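> So that you have it, the file is input02.csv, and it contains CSV, C-alpha atoms:
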```
chain,number,residue,atom,x,y,z
A,15,MET,CA,6.0,3.3,-8.6
A,16,ALA,CA,4.4,6.3,-10.2
A,17,VAL,CA,6.6,9.0,-11.8
A,18,LEU,CA,7.1,12.1,-9.6
A,19,VAL,CA,5.5,15.0,-11.3
A,20,THR,CA,5.9,18.7,-10.4
A,21,LEU,CA,2.9,20.9,-10.9
A,22,GLY,CA,3.4,24.4,-12.4
A,23,THR,CA,0.0,25.6,-11.2
A,24,LEU,CA,-3.4,24.4,-10.3
A,25,ALA,CA,-5.4,27.0,-12.2
A,26,GLY,CA,-7.3,26.1,-15.3
A,27,ALA,CA,-8.0,22.4,-15.1
A,28,ALA,CA,-11.4,22.2,-16.8
A,29,LEU,CA,-12.0,18.6,-17.9
A,30,ALA,CA,-13.4,16.2,-15.4
A,31,GLY,CA,-10.6,13.8,-14.4
A,32,ALA,CA,-7.9,16.0,-15.8
A,33,ALA,CA,-4.6,16.5,-14.0
A,34,PRO,CA,-4.1,20.0,-12.6
A,35,ALA,CA,-2.7,22.3,-15.2
A,36,GLY,CA,1.0,22.1,-15.9
A,37,ALA,CA,1.3,18.4,-14.9
A,38,ALA,CA,2.7,15.9,-17.4
A,39,GLN,CA,1.0,13.4,-15.2
A,40,GLN,CA,1.6,9.7,-15.4
A,41,ALA,CA,-0.2,7.0,-13.4
A,42,THR,CA,0.5,3.5,-12.3
A,43,ALA,CA,-2.2,0.8,-12.7
A,44,ILE,CA,-2.8,-0.9,-9.3
A,45,ALA,CA,-5.7,-3.1,-10.5
A,46,PRO,CA,-8.4,-3.0,-13.2
A,47,GLY,CA,-10.1,0.4,-12.8
A,48,VAL,CA,-7.7,1.6,-10.2
A,49,THR,CA,-4.6,3.9,-10.7
A,50,TYR,CA,-2.2,5.6,-8.4
A,51,GLU,CA,-0.2,8.8,-9.0
A,52,GLU,CA,1.8,11.3,-6.9
A,53,PHE,CA,2.9,14.9,-7.6
A,54,ASP,CA,4.1,18.1,-6.0
A,55,LEU,CA,1.4,20.6,-5.2
A,56,PRO,CA,2.0,24.3,-4.8
A,57,ALA,CA,0.1,25.9,-1.9
A,58,ALA,CA,-0.1,29.1,0.1
A,59,LYS,CA,2.2,27.8,2.9
A,60,GLY,CA,4.7,26.0,0.5
A,61,VAL,CA,4.9,23.0,-1.7
A,62,THR,CA,3.2,19.9,-0.5
A,63,HIS,CA,3.1,16.4,-2.0
A,64,ALA,CA,-0.1,14.6,-3.0
A,65,HIS,CA,-0.9,11.0,-3.5
A,66,VAL,CA,-4.0,10.2,-5.5
A,67,LEU,CA,-6.0,7.0,-6.2
A,68,ARG,CA,-8.4,7.2,-9.1
A,69,VAL,CA,-11.2,4.6,-8.9
A,70,ASP,CA,-13.5,3.9,-11.9
A,71,LEU,CA,-16.7,2.5,-10.6
A,72,ARG,CA,-17.9,1.9,-14.1
A,73,ASP,CA,-15.7,-1.1,-14.1
A,74,PRO,CA,-17.8,-4.0,-12.7
A,75,ARG,CA,-14.7,-5.5,-11.1
A,76,VAL,CA,-14.2,-2.5,-8.8
A,77,ARG,CA,-16.0,-1.5,-5.7
A,78,LEU,CA,-15.5,0.6,-2.6
A,79,GLY,CA,-16.2,-0.5,0.9
A,80,LEU,CA,-15.6,0.4,4.6
A,81,LEU,CA,-12.3,-0.7,6.1
A,82,HIS,CA,-12.9,-1.3,9.8
A,83,PRO,CA,-11.3,-3.6,12.5
A,84,GLY,CA,-14.5,-5.5,13.2
A,85,ALA,CA,-15.7,-3.3,16.1
A,86,VAL,CA,-16.8,0.3,16.2
A,87,ALA,CA,-14.7,1.0,19.3
A,88,ALA,CA,-11.4,-0.3,17.9
A,89,ARG,CA,-8.5,0.9,15.7
A,90,ALA,CA,-5.9,-0.6,13.4
A,91,PRO,CA,-3.4,0.8,10.8
A,92,VAL,CA,-4.9,1.3,7.3
A,93,SER,CA,-2.4,-1.2,5.8
A,94,ARG,CA,-3.5,-3.9,8.2
A,95,LEU,CA,-7.2,-3.2,7.6
A,96,ALA,CA,-6.7,-3.4,3.8
A,97,ASP,CA,-4.8,-6.7,4.0
A,98,ALA,CA,-7.3,-8.2,6.4
A,99,GLN,CA,-10.2,-7.4,4.1
A,100,GLY,CA,-8.4,-8.0,0.8
A,101,ALA,CA,-8.4,-4.4,-0.4
A,102,VAL,CA,-5.9,-3.4,-3.2
A,103,ALA,CA,-5.8,0.1,-1.9
A,104,GLY,CA,-7.3,2.5,0.6
A,105,VAL,CA,-7.1,5.6,2.8
A,106,ASN,CA,-8.0,6.5,6.3
A,107,GLY,CA,-11.5,7.6,7.1
A,108,ASP,CA,-13.5,9.6,9.7
A,109,PHE,CA,-12.3,11.7,12.6
A,110,PHE,CA,-12.5,9.8,16.0
A,111,ASN,CA,-12.5,9.9,19.8
A,112,ILE,CA,-8.7,10.0,20.0
A,113,SER,CA,-8.2,11.2,23.6
A,114,GLU,CA,-10.0,12.0,26.8
A,115,THR,CA,-7.8,14.6,28.5
A,116,GLN,CA,-10.9,16.5,29.6
A,117,HIS,CA,-12.2,13.5,31.5
A,118,PRO,CA,-9.4,11.9,33.6
A,119,GLY,CA,-10.0,8.2,34.2
A,120,VAL,CA,-12.4,7.9,31.2
A,121,GLU,CA,-11.2,5.6,28.4
A,122,ALA,CA,-11.0,7.0,24.9
A,123,THR,CA,-13.0,4.6,22.8
A,124,GLY,CA,-11.3,5.2,19.4
A,125,ALA,CA,-14.8,5.2,17.9
A,126,SER,CA,-15.5,7.4,14.9
A,127,VAL,CA,-17.5,10.6,14.9
A,128,GLY,CA,-20.0,10.1,12.1
A,129,PRO,CA,-22.3,7.3,10.9
A,130,ALA,CA,-20.9,4.2,9.4
A,131,ILE,CA,-22.4,1.5,7.1
A,132,ALA,CA,-20.5,-1.6,6.0
A,133,GLY,CA,-22.0,-4.2,3.6
A,134,GLY,CA,-25.3,-2.4,3.7
A,135,ARG,CA,-25.6,-2.8,7.5
A,136,ALA,CA,-25.6,0.2,9.9
A,137,LEU,CA,-22.8,0.0,12.4
A,138,LYS,CA,-23.2,3.3,14.2
A,139,ALA,CA,-24.9,6.7,14.2
A,140,ALA,CA,-23.4,10.2,14.6
A,141,VAL,CA,-22.4,11.9,17.9
A,142,PRO,CA,-23.8,15.4,18.6
A,143,ASP,CA,-22.0,18.2,16.7
A,144,GLY,CA,-20.5,19.6,19.9
A,145,GLN,CA,-18.9,16.2,20.7
A,146,ARG,CA,-17.0,16.1,17.4
A,147,PHE,CA,-13.2,15.7,17.1
A,148,GLY,CA,-11.4,17.5,14.2
A,149,PRO,CA,-11.5,20.9,12.7
A,150,ALA,CA,-14.6,23.1,12.9
A,151,LEU,CA,-17.5,22.0,10.7
A,152,PRO,CA,-18.2,24.3,7.7
A,153,PRO,CA,-21.5,26.2,8.1
A,154,GLY,CA,-24.5,24.2,7.2
A,155,THR,CA,-22.9,20.8,7.7
A,156,SER,CA,-23.1,18.4,10.6
A,157,THR,CA,-21.7,15.1,12.0
A,158,GLU,CA,-24.5,13.3,10.1
A,159,ASP,CA,-22.9,14.1,6.7
A,160,VAL,CA,-21.4,11.1,5.0
A,161,PHE,CA,-19.6,9.9,1.9
A,162,GLY,CA,-20.6,6.6,0.5
A,163,VAL,CA,-21.6,4.3,-2.4
A,164,GLY,CA,-25.1,3.1,-3.0
A,165,ALA,CA,-26.6,-0.1,-4.2
A,166,ASP,CA,-26.5,1.5,-7.6
A,167,ARG,CA,-22.7,1.6,-7.4
A,168,ARG,CA,-22.6,5.4,-7.5
A,169,ALA,CA,-20.7,7.5,-5.0
A,170,ARG,CA,-22.6,10.3,-3.3
A,171,LEU,CA,-22.6,12.7,-0.4
A,172,ASP,CA,-25.6,12.7,1.9
A,173,GLY,CA,-26.7,12.8,5.5
A,174,LEU,CA,-27.6,9.8,7.7
A,175,SER,CA,-29.8,10.3,10.7
A,176,LEU,CA,-30.8,7.8,13.3
A,177,ASP,CA,-34.4,6.6,13.4
A,178,GLY,CA,-34.9,4.3,16.4
A,179,SER,CA,-37.1,3.6,19.4
A,180,VAL,CA,-37.3,1.5,22.6
A,181,ARG,CA,-40.7,0.0,23.0
A,182,THR,CA,-41.6,-0.9,26.6
A,183,PRO,CA,-44.8,-1.9,28.5
A,184,ARG,CA,-45.1,1.8,29.4
A,185,GLY,CA,-44.8,3.2,25.9
A,186,ARG,CA,-42.2,4.0,23.3
A,187,LEU,CA,-38.9,5.9,24.0
A,188,PRO,CA,-37.0,7.6,21.2
A,189,LEU,CA,-33.5,6.2,20.7
A,190,GLY,CA,-30.8,8.9,20.8
A,191,GLY,CA,-27.8,6.9,19.8
A,192,LEU,CA,-26.4,3.7,18.3
A,193,ASN,CA,-22.9,2.5,19.1
A,194,GLN,CA,-21.5,6.0,19.5
A,195,TYR,CA,-19.0,7.4,22.0
A,196,ALA,CA,-21.3,10.4,23.0
A,197,LEU,CA,-25.1,10.4,23.6
A,198,PRO,CA,-27.3,13.5,23.4
A,199,VAL,CA,-28.1,14.9,26.9
A,200,GLY,CA,-31.2,13.2,28.3
A,201,SER,CA,-31.3,10.4,25.8
A,202,VAL,CA,-31.1,6.6,25.6
A,203,GLY,CA,-28.5,4.9,23.4
A,204,ALA,CA,-28.2,1.4,22.1
A,205,PHE,CA,-25.0,-0.6,22.1
A,206,THR,CA,-24.8,-3.9,20.2
A,207,SER,CA,-22.1,-6.5,19.5
A,208,ASP,CA,-20.8,-4.2,16.8
A,209,TRP,CA,-19.6,-1.8,19.5
A,210,GLY,CA,-16.8,-4.1,20.9
A,211,GLY,CA,-15.5,-4.3,24.4
A,212,ALA,CA,-14.7,-0.7,25.2
A,213,SER,CA,-16.2,1.0,28.2
A,214,ARG,CA,-19.5,2.8,27.6
A,215,VAL,CA,-18.8,5.5,30.2
A,216,ARG,CA,-17.6,8.0,27.6
A,217,ALA,CA,-21.1,8.0,26.1
A,218,THR,CA,-22.4,9.9,29.1
A,219,CYS,CA,-19.7,12.6,29.2
A,220,GLY,CA,-19.8,16.1,27.7
A,221,THR,CA,-22.9,17.8,26.4
A,222,ASP,CA,-24.4,18.4,23.0
A,223,THR,CA,-22.4,21.6,22.7
A,224,ASP,CA,-19.4,21.1,24.9
A,225,ARG,CA,-17.2,18.0,24.5
A,226,ALA,CA,-15.2,18.9,27.6
A,227,ALA,CA,-18.2,19.2,30.0
A,228,PRO,CA,-18.1,16.8,32.9
A,229,CYS,CA,-19.5,13.3,32.7
A,230,SER,CA,-23.1,12.9,33.8
A,231,THR,CA,-23.7,11.7,37.4
A,232,ASP,CA,-27.2,10.5,36.5
A,233,THR,CA,-26.8,7.4,34.4
A,234,TYR,CA,-28.4,3.9,34.1
A,235,GLU,CA,-27.8,0.8,32.0
A,236,VAL,CA,-30.2,-2.0,31.0
A,237,THR,CA,-29.3,-5.2,29.2
A,238,VAL,CA,-31.8,-6.7,26.9
A,239,ARG,CA,-31.6,-10.2,25.5
A,240,GLY,CA,-34.3,-12.3,23.8
A,241,GLY,CA,-36.6,-9.3,23.9
A,242,ARG,CA,-36.6,-9.0,27.7
A,243,VAL,CA,-34.6,-7.1,30.3
A,244,VAL,CA,-32.0,-9.4,31.9
A,245,SER,CA,-30.0,-7.1,34.1
A,246,ALA,CA,-29.5,-3.4,35.1
A,247,SER,CA,-26.7,-1.2,36.5
A,248,GLY,CA,-26.4,2.3,37.9
A,249,THR,CA,-23.3,2.9,35.8
A,250,PRO,CA,-22.3,2.1,32.2
A,251,GLY,CA,-20.2,-1.0,31.9
A,252,SER,CA,-17.7,-2.5,29.5
A,253,GLY,CA,-16.7,-5.7,27.9
A,254,PRO,CA,-17.9,-7.5,24.7
A,255,ILE,CA,-21.7,-7.6,24.0
A,256,ALA,CA,-23.0,-10.9,22.9
A,257,PRO,CA,-24.7,-11.2,19.5
A,258,GLY,CA,-28.5,-10.8,19.9
A,259,THR,CA,-28.0,-8.7,23.0
A,260,THR,CA,-28.5,-4.9,23.3
A,261,VAL,CA,-27.3,-2.7,26.1
A,262,LEU,CA,-29.3,0.4,26.6
A,263,VAL,CA,-27.4,3.4,28.2
A,264,GLY,CA,-29.4,6.3,29.6
A,265,ARG,CA,-28.3,9.7,30.9
A,266,GLU,CA,-30.4,12.2,32.8
A,267,ALA,CA,-34.0,11.9,31.6
A,268,GLY,CA,-33.0,8.8,29.6
A,269,ALA,CA,-31.6,7.2,32.8
A,270,ARG,CA,-34.8,7.9,34.7
A,271,LEU,CA,-36.9,6.2,32.0
A,272,LEU,CA,-34.7,3.1,32.1
A,273,ARG,CA,-35.0,2.8,35.9
A,274,GLU,CA,-38.7,2.1,35.4
A,275,LEU,CA,-37.8,-1.2,33.7
A,276,SER,CA,-37.6,-4.4,35.7
A,277,PRO,CA,-35.9,-7.7,34.9
A,278,GLY,CA,-38.2,-9.9,32.8
A,279,GLU,CA,-40.1,-7.0,31.2
A,280,PRO,CA,-40.5,-7.1,27.4
A,281,VAL,CA,-38.4,-4.6,25.5
A,282,ARG,CA,-38.1,-4.1,21.7
A,283,VAL,CA,-35.3,-2.0,20.3
A,284,ARG,CA,-35.5,-0.8,16.7
A,285,HIS,CA,-33.0,1.3,14.8
A,286,ARG,CA,-32.0,2.3,11.3
A,287,LEU,CA,-30.1,5.1,9.5
A,288,VAL,CA,-32.2,7.2,7.2
A,289,ALA,CA,-30.7,9.2,4.3
A,290,SER,CA,-31.6,12.8,3.9
A,291,ALA,CA,-31.7,12.9,0.1
A,292,SER,CA,-31.0,9.6,-1.7
A,293,ARG,CA,-33.6,6.8,-1.8
A,294,VAL,CA,-30.9,4.4,-2.9
A,295,PRO,CA,-29.6,2.4,0.0
A,296,PHE,CA,-26.0,2.8,0.9
A,297,ARG,CA,-23.8,-0.2,0.6
A,298,PHE,CA,-21.1,1.6,2.6
A,299,ALA,CA,-20.8,5.0,4.2
A,300,LEU,CA,-18.6,6.9,6.7
A,301,GLY,CA,-18.4,10.3,8.2
A,302,GLY,CA,-16.3,13.4,7.7
A,303,CYS,CA,-17.3,16.8,6.3
A,304,PRO,CA,-18.3,18.1,2.9
A,305,VAL,CA,-16.1,20.7,1.3
A,306,LEU,CA,-17.2,20.8,-2.4
A,307,ALA,CA,-20.7,20.6,-3.8
A,308,ASP,CA,-21.7,20.9,-7.5
A,309,GLY,CA,-18.3,22.1,-8.4
A,310,LEU,CA,-18.2,24.9,-5.8
A,311,PRO,CA,-16.3,25.0,-2.5
A,312,LEU,CA,-18.6,25.4,0.4
A,313,PRO,CA,-18.8,28.9,1.9
A,314,GLY,CA,-16.9,29.5,5.1
A,315,LEU,CA,-14.1,26.9,4.6
A,316,ASP,CA,-11.0,27.5,6.7
A,317,ASP,CA,-8.4,29.2,4.5
A,318,ARG,CA,-5.8,29.8,7.2
A,319,THR,CA,-4.8,26.6,8.9
A,320,ALA,CA,-2.7,24.3,6.7
A,321,ALA,CA,-2.2,20.6,7.6
A,322,VAL,CA,-1.6,17.2,6.2
A,323,ARG,CA,-5.0,16.0,5.0
A,324,THR,CA,-7.0,13.2,3.5
A,325,ALA,CA,-10.0,13.8,1.3
A,326,VAL,CA,-12.3,12.1,-1.3
A,327,GLY,CA,-13.7,13.5,-4.5
A,328,ILE,CA,-16.6,12.4,-6.7
A,329,ALA,CA,-16.7,12.9,-10.4
A,330,ASP,CA,-18.8,11.8,-13.4
A,331,GLY,CA,-22.0,11.6,-11.5
A,332,GLY,CA,-20.6,9.3,-8.9
A,333,ARG,CA,-19.1,6.9,-11.4
A,334,ARG,CA,-15.5,7.9,-10.5
A,335,VAL,CA,-13.9,8.6,-7.2
A,336,LEU,CA,-10.6,10.3,-6.2
A,337,LEU,CA,-8.9,9.5,-3.0
A,338,LEU,CA,-6.4,12.1,-2.0
A,339,ALA,CA,-3.8,11.9,0.8
A,340,LEU,CA,-1.0,14.5,1.4
A,341,ASP,CA,2.5,13.5,2.4
A,342,GLY,CA,3.6,14.0,6.0
A,343,ALA,CA,7.4,14.1,5.3
A,344,PRO,CA,9.1,17.1,6.9
A,345,ALA,CA,9.7,18.7,3.5
A,346,TYR,CA,6.0,18.8,2.7
A,347,ARG,CA,4.3,18.9,6.2
A,348,THR,CA,2.8,22.4,5.8
A,349,GLY,CA,0.1,20.7,3.8
A,350,LEU,CA,-3.1,22.4,2.7
A,351,THR,CA,-5.9,24.4,4.2
A,352,VAL,CA,-9.4,23.0,4.0
A,353,ALA,CA,-10.3,25.6,1.4
A,354,GLU,CA,-7.2,24.5,-0.7
A,355,VAL,CA,-8.4,20.9,-0.3
A,356,ALA,CA,-11.7,21.8,-2.0
A,357,GLU,CA,-9.9,23.7,-4.8
A,358,THR,CA,-7.5,20.7,-5.3
A,359,LEU,CA,-10.3,18.2,-5.6
A,360,ARG,CA,-12.1,20.5,-8.1
A,361,ASP,CA,-8.9,20.9,-10.1
A,362,LEU,CA,-8.5,17.1,-10.1
A,363,GLY,CA,-11.9,16.8,-11.7
A,364,ALA,CA,-14.2,16.3,-8.8
A,365,THR,CA,-17.6,18.0,-8.6
A,366,ASP,CA,-18.2,17.0,-4.9
A,367,GLY,CA,-15.7,16.6,-2.2
A,368,PHE,CA,-15.5,15.3,1.4
A,369,SER,CA,-12.7,16.0,3.9
A,370,LEU,CA,-11.6,13.1,6.2
A,371,ASP,CA,-9.3,12.9,9.2
A,372,GLY,CA,-5.8,14.3,8.6
A,373,GLY,CA,-2.6,15.0,10.5
A,374,GLY,CA,-1.0,11.8,11.8
A,375,SER,CA,-4.0,9.8,10.6
A,376,THR,CA,-3.4,10.6,6.9
A,377,THR,CA,-2.5,7.3,5.2
A,378,LEU,CA,-2.8,6.1,1.6
A,379,VAL,CA,-1.9,2.4,0.9
A,380,ALA,CA,-1.8,0.5,-2.4
A,381,ARG,CA,-0.8,-3.0,-3.3
A,382,ALA,CA,1.7,-3.2,-6.2
A,383,PRO,CA,0.7,-5.8,-8.9
A,384,GLY,CA,1.9,-9.2,-7.8
A,385,ALA,CA,2.5,-8.1,-4.2
A,386,THR,CA,0.9,-9.9,-1.3
A,387,GLY,CA,0.1,-6.8,0.8
A,388,ALA,CA,-0.7,-3.1,0.6
A,389,ALA,CA,2.2,-0.7,1.1
A,390,VAL,CA,2.0,2.8,2.6
A,391,ARG,CA,2.6,5.2,-0.2
A,392,ASN,CA,2.8,8.5,1.7
A,393,HIS,CA,4.9,9.3,4.7
A,394,PRO,CA,2.6,9.5,7.8
A,395,SER,CA,3.5,12.7,9.7
A,396,GLY,CA,4.0,10.8,12.9
A,397,GLY,CA,6.7,8.6,11.4
A,398,ALA,CA,4.5,5.5,11.4
A,399,GLU,CA,0.9,4.5,10.6
A,400,ARG,CA,-1.6,5.7,13.2
A,401,PRO,CA,-4.3,3.1,14.1
A,402,VAL,CA,-7.7,4.4,12.9
A,403,PRO,CA,-11.3,3.3,13.3
A,404,ASN,CA,-12.2,3.1,9.7
A,405,GLY,CA,-11.2,4.0,6.1
A,406,ILE,CA,-12.2,3.7,2.5
A,407,GLY,CA,-11.1,0.4,0.9
A,408,VAL,CA,-10.7,-0.2,-2.8
A,409,PHE,CA,-11.5,-3.7,-3.9
A,410,SER,CA,-10.9,-5.2,-7.3
A,411,ALA,CA,-11.9,-8.7,-8.5
A,412,PRO,CA,-9.3,-10.5,-10.8
```
How would this structure read if it were set down as structure tokens?


Amino acid sequence: MAVLVTLGTLAGAALAGAAPAGAAQQATAIAPGVTYEEFDLPAAKGVTHAHVLRVDLRDPRVRLGLLHPGAVAARAPVSRLADAQGAVAGVNGDFFNISETQHPGVEATGASVGPAIAGGRALKAAVPDGQRFGPALPPGTSTEDVFGVGADRRARLDGLSLDGSVRTPRGRLPLGGLNQYALPVGSVGAFTSDWGGASRVRATCGTDTDRAAPCSTDTYEVTVRGGRVVSASGTPGSGPIAPGTTVLVGREAGARLLRELSPGEPVRVRHRLVASASRVPFRFALGGCPVLADGLPLPGLDDRTAAVRTAVGIADGGRRVLLLALDGAPAYRTGLTVAEVAETLRDLGATDGFSLDGGGSTTLVARAPGATGAAVRNHPSGGAERPVPNGIGVFSAP
């Protein structure tokens, strides 16, 4: 285990990758290019305890990837996800559809808020900003913001928007969603086998600005297989979607357009995620919210509400990554504000930072050398690991 280090202060850490000032920091090697360390961290609301994984992507044996349970609308503990995919370490990922108290009788899907890419393949797009779970977004950010690693093996922050359409004999319809728990008002969304078996009703609840708004009463669903309509329904369904099959769900104007389709009619569905800035394809990406850019905390970050948090930092032009998870043990549970998370990432050497889901979701796991499975290194604030929809996995070849 890493040596427990008490920090005197965070101020003054200037070198990229340096420990916060005052720390006689020692790290434990998890795998080639991957180290783990833990230390106390002074904060405005009291001392908290940090767990950090440092990942050197300059080492060709190391890579980052999306931890996920095989379906967008599914959850599993981080340790189980890591072991199932052979990761040596990892943290929890994006915020997600955790409850549906505003919509009695509607199933919470467990699906994440933002876009997700695994192995270079788009799994889902982002829900509307007003449908997000988690703390308020910093000004100028959106649910489309992602952290990920490109085909060039460099980590980066960017935005991923959905570019898609449904081509029918009557023309082309814009696609408003892909495997997401909330569709924009008046849109048509596509659900594929990546979604899983959860009900698609939640996709028609709320509005673009109000997650708690009632579910739409004007919905329609069309199933497309082999490029043709094979069935339709007046309400969104549930159950696994077969490979090669796409279920189109429409609400309001989108529902009215889908009602014009008849069984046997040809339909072509096209979709992709488009990066806002980078031209390098993402190999993996997941949602959250930016907190640090070019070495500066974003304006308007919350500096009042402290909590147990998870975050990721980028250093050395995307060649090194820091995965930060706070401890949820009672002695440290006051945690950090979002503004303090940004400052902490910067003091740890990051130039760009991204906040992930926190609270009971915050989990950091790492496999000790020679061990067969990943162990939870922090204390989850709920007393046990919370199942989550995705995470960042650290993979290292022998």

> I'd like the neighbourhood of Asp330 of chain A as JSON, numbers by chain, where a residue qualifies if any of its atoms comes within 12 Å (using all atoms listed in the file), though same-chain residues fewer than 4 positions away should be ignored.

{"A": [29, 30, 31, 32, 69, 70, 71, 72, 168, 169, 170, 308, 309, 334, 335, 336, 363, 364, 365, 366]}

> Could you check how far atom CA of Cys229 of chain A sits from atom CA of Pro198 of chain A, in Å to one decimal?

12.1 Å

> Residues of segment 183-227 of chain A that have any atom at most 7 Å from an atom of segment 145-165 of chain A: could you tabulate them with the shortest-distance atom pair and the distance in Å to one decimal, using all atoms listed in the file, ordered by chain and increasing number, as a Markdown table?


```
| residue | atom | partner | partner_atom | distance |
| --- | --- | --- | --- | --- |
| A:Ala196 | CA | A:Gln145 | CA | 6.7 |
| A:Asp222 | CA | A:Gln145 | CA | 6.4 |
| A:Thr223 | CA | A:Gln145 | CA | 6.7 |
| A:Asp224 | CA | A:Gln145 | CA | 6.5 |
| A:Arg225 | CA | A:Gln145 | CA | 4.5 |
```

> So which one's closest to Thr233 of chain A, A:Asn111, A:Ser245, A:Thr218, A:Ser213? Using all atoms listed in the file, please.

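The closest residue to Thr233 of chain A is A:Thr218.
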
> When distances are computed from all atoms listed in the file, which of A:Ser93, A:Ser369, A:Asn106, A:Ser375 shows the smallest separation from Pro304 of chain A?

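Using all atoms listed in the file, the shortest distance to Pro304 of chain A belongs to A:Ser369.
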
> Please measure the separation of atom CA of Asp166 of chain A and atom CA of Asp108 of chain A, giving the value in Å to one decimal.

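Taking atom CA of Asp166 of chain A and atom CA of Asp108 of chain A, their separation equals 23.1 Å.
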
> With all atoms listed in the file as the atoms that count, which of A:Val238, A:Ala345, A:Ala45, A:Val202 lies nearest to Ala380 of chain A?

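Looking only at the distances to Ala380 of chain A, the closest residue turns out to be A:Ala45.
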
> Between A:Gly367, A:Gly200, A:Gly268, A:Gly191, which residue has the minimum interatomic distance to Leu310 of chain A, considering only C-alpha atoms?

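The shortest atom-to-atom distance to Leu310 of chain A comes from A:Gly367.
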
> Just the residues within 9 Å of Gly190 of chain A, please, counting all atoms listed in the file, with nothing from its chain fewer than 6 positions along; format it as a compact mmCIF listing (two decimals) with C-alpha atoms, in the coordinates of the input.


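Contents of selection26.txt, as written:
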```
# COMPACT_ATOMS: atom_id res chain seq x y z
CA LEU A 176 -30.80 7.80 13.30
CA ASP A 177 -34.40 6.60 13.40
CA GLY A 178 -34.90 4.30 16.40
CA SER A 179 -37.10 3.60 19.40
CA LEU A 197 -25.10 10.40 23.60
CA PRO A 198 -27.30 13.50 23.40
CA VAL A 199 -28.10 14.90 26.90
CA GLY A 200 -31.20 13.20 28.30
CA SER A 201 -31.30 10.40 25.80
CA VAL A 202 -31.10 6.60 25.60
CA GLY A 203 -28.50 4.90 23.40
CA ALA A 204 -28.20 1.40 22.10
```

> Find the residues near segment 339-341 of chain A: any atom within 9 Å, counting all atoms listed in the file, skip ones fewer than 2 places away on the same chain, and give them as a VMD selection string.

chain A and resid 62 to 67 105 to 106 321 to 326 337 343 to 347 349 to 350 372 376 to 378 391 to 395

> Got a sec: who's within 10 Å of Arg318 of chain A, counting all atoms listed in the file, leaving out chain neighbours fewer than 4 positions off, as a ChimeraX atom specification?

/A:58-59,350-354

> For the selection just defined, write its residues with C-alpha atoms to a file, as a JSON list (two decimals), in the coordinates of the input.


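part-v1.json was written with the following content:
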```json
[["chain", "number", "residue", "atom", "x", "y", "z"],
["A", 58, "ALA", "CA", -0.10, 29.10, 0.10],
["A", 59, "LYS", "CA", 2.20, 27.80, 2.90],
["A", 350, "LEU", "CA", -3.10, 22.40, 2.70],
["A", 351, "THR", "CA", -5.90, 24.40, 4.20],
["A", 352, "VAL", "CA", -9.40, 23.00, 4.00],
["A", 353, "ALA", "CA", -10.30, 25.60, 1.40],
["A", 354, "GLU", "CA", -7.20, 24.50, -0.70]]
```

> Which of these, A:Val76, A:Val180, A:Ala85, A:Ala329, has the shortest distance to Ser207 of chain A once you count only C-alpha atoms?

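Closest to Ser207 of chain A of all the choices is A:Ala85.
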
> Give me, please, the distance in Å between atom CA of Asp208 of chain A and atom CA of Pro228 of chain A, quoted to one decimal.

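Atom CA of Asp208 of chain A sits 26.6 Å away from atom CA of Pro228 of chain A.
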
> For segment 51-142 of chain A versus segment 269-292 of chain A, which residues have an atom no more than 10 Å away, and what is each residue's nearest atom pair and distance in Å rounded to one decimal, using all atoms listed in the file, chain-then-number order, as a Markdown table?


```
| residue | atom | partner | partner_atom | distance |
| --- | --- | --- | --- | --- |
| A:Pro129 | CA | A:Leu287 | CA | 8.2 |
| A:Ala130 | CA | A:Leu287 | CA | 9.2 |
| A:Ile131 | CA | A:Leu287 | CA | 8.8 |
| A:Arg135 | CA | A:Arg286 | CA | 9.0 |
| A:Ala136 | CA | A:Leu287 | CA | 6.7 |
| A:Leu137 | CA | A:Leu287 | CA | 9.4 |
| A:Lys138 | CA | A:Leu287 | CA | 8.5 |
| A:Ala139 | CA | A:Leu287 | CA | 7.2 |
| A:Ala140 | CA | A:Leu287 | CA | 9.8 |
```

> Find the residue from A:Gln40, A:Thr115, A:Ser230, A:Asn404 that sits nearest to Phe298 of chain A; use all atoms listed in the file when measuring.

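So, comparing all the options, the nearest one is A:Asn404.
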